[in-house]
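First comes the structure, then the notes that go with it.
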Amino acid sequence: MSCKTNEELTKLVEQARPFVKYGKVADYIPALKESNPDDLSVSICYLDGTRFFAGDYVKKFTLQSISKVIALAYVLIENGPNEVFSNVGMEPTGDPFNSIVKLETSNPSKPLNPMINAGALAVTNMFKGEDHYEKWEGFIQFVQSLLGIEEVSWNENVALSEFNTAFLNRSLGFFMKQYEIIHGDIEELLFLYTKQCAIEINCSQLATIGAVFANEGKDPVTQEVKVPSDVARICKTFMVTCGMYNASGEFATKVGIPAKSGVSGGIMGAVPHKCGIGVFGPALDEKGNSIAGLNLVQLMSDRYQWSIF
Ligand code: DON
């Protein structure tokens, strides 16, 4: 069964909306405190290009950790899996997204996967380019190509707010520099990473990127290859095993689709061979996932039988 009307999606949003009151907007990045905890919106992009929406689906928000999947795809394409997986592992951690503990207890001290902050920093450290400008241009052009648009913006206020307060991420960076997992200047890396996390899109665009991954790397409308199919497959695998952090097992059990969350309240889903989904609901649960968004994705998965398991 698939979604037929915006009205039926709106009903699911209204069913999930009461959950917003049990969550809180992220506050460790000061600029994210301004988010409206009552927001909840969704977009589905089917692989024939048909789209459905509910809520304020054009409202922009920052990608935050959802950018980690895109950055992973980018370095897999540019640098190849051998280099990528010499610097970052493939195992879930069971720890919060910003935890440092496994860096100390694992040997070699490489981050366990590219979805946690340590792993994402190691990934961004692999962006190719002579300087910040070239590294950023290469990545943002990749994001633009996924969306099929000429310009994607980033929110300077959110990026600077995170850059000025990212002491934990700096610690992860210095720790990995000590063990030669990452190289170069940590401040420069943090600048690039916080900009990457501050890229702004809306639910509809998030669903488009989800649809590319769901469609084995091809654009859902034009069928143009945006990401090689093996890279899309690797990204979806990490979304299943690590995309919702230490809630990934519960999410796989209850919802069963490759998905990635971010602390701005976004969730990108890729339902293989069916559709991409973009959800935005800034009120988060204690693990940093959108609380009403999770509920909404579960309602949709039950109704449209999305679980891949
Ligand atoms: O590095 C950070 O902490 C943020 N820029 C991104 C973290 C995040 O989105 C975790 N997601 N639930």
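Ligands are numbered from 1 in the order shown, residues from 1 within each chain, and chains are lettered A, B, ... in the order they appear in the structure tokens.
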
Close residues, segment 79-89 of chain A itself excluded, 7 Å, only C-alpha atoms, min 5 positions apart in chain, as a ChimeraX atom specification: /A:110-114,119,122,181

Quick one: residues within 6 Å of ligand 1, with only C-alpha atoms and all ligand atoms, as number ranges by chain? A: 64-65, 97, 117, 197, 261-263, 288-289

Contact residues around Ala166 of chain A with only C-alpha atoms at 10 Å, ignoring same-chain residues under 4 positions, as a CSV table (one decimal) with C-alpha atoms, in the first residue's frame:
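Full text of around.csv as output:
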```csv
chain,number,residue,atom,x,y,z
A,28,TYR,CA,24.0,22.3,23.3
A,29,ILE,CA,24.2,24.2,20.0
A,160,LEU,CA,29.2,29.7,14.1
A,161,SER,CA,27.1,28.9,17.2
A,162,GLU,CA,28.3,25.3,17.0
A,170,ARG,CA,37.4,19.4,19.4
A,171,SER,CA,38.4,16.8,22.0
A,190,LEU,CA,35.8,22.0,12.9
A,194,THR,CA,30.1,22.7,11.4
```

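In this comparison, which uses only C-alpha atoms, the residue of A:Pro228, A:Gly243, A:Gly293, A:Pro30 approaching Val158 of chain A most closely is A:Pro30.
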
What is the atom CA of Ala207 of chain A-atom CA of Ile277 of chain A distance in Å, reported with one decimal?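 Distance reported for this atom pair: 4.1 Å.
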
Best match for closeness to Ala159 of chain A among A:Tyr304, A:Tyr22, A:Tyr193, A:Phe142, counting only C-alpha atoms: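 Among the listed residues, the smallest separation from Ala159 of chain A belongs to A:Tyr193.
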
At a cut-off of 12 Å, can you tabulate as CSV every residue of segment 68-103 of chain A near segment 254-260 of chain A together with its closest atom pair and the distance in Å to one decimal, using only C-alpha atoms and ordering rows by chain then number?
```
residue,atom,partner,partner_atom,distance
A:Lys68,CA,A:Lys260,CA,8.7
A:Val69,CA,A:Lys260,CA,7.6
A:Ile70,CA,A:Lys260,CA,10.4
```

DSSP alpha helix (DSSP H) residues within segment 154-214 of chain A, as number ranges by chain: A: 156-165, 167-178, 186-197, 203-214
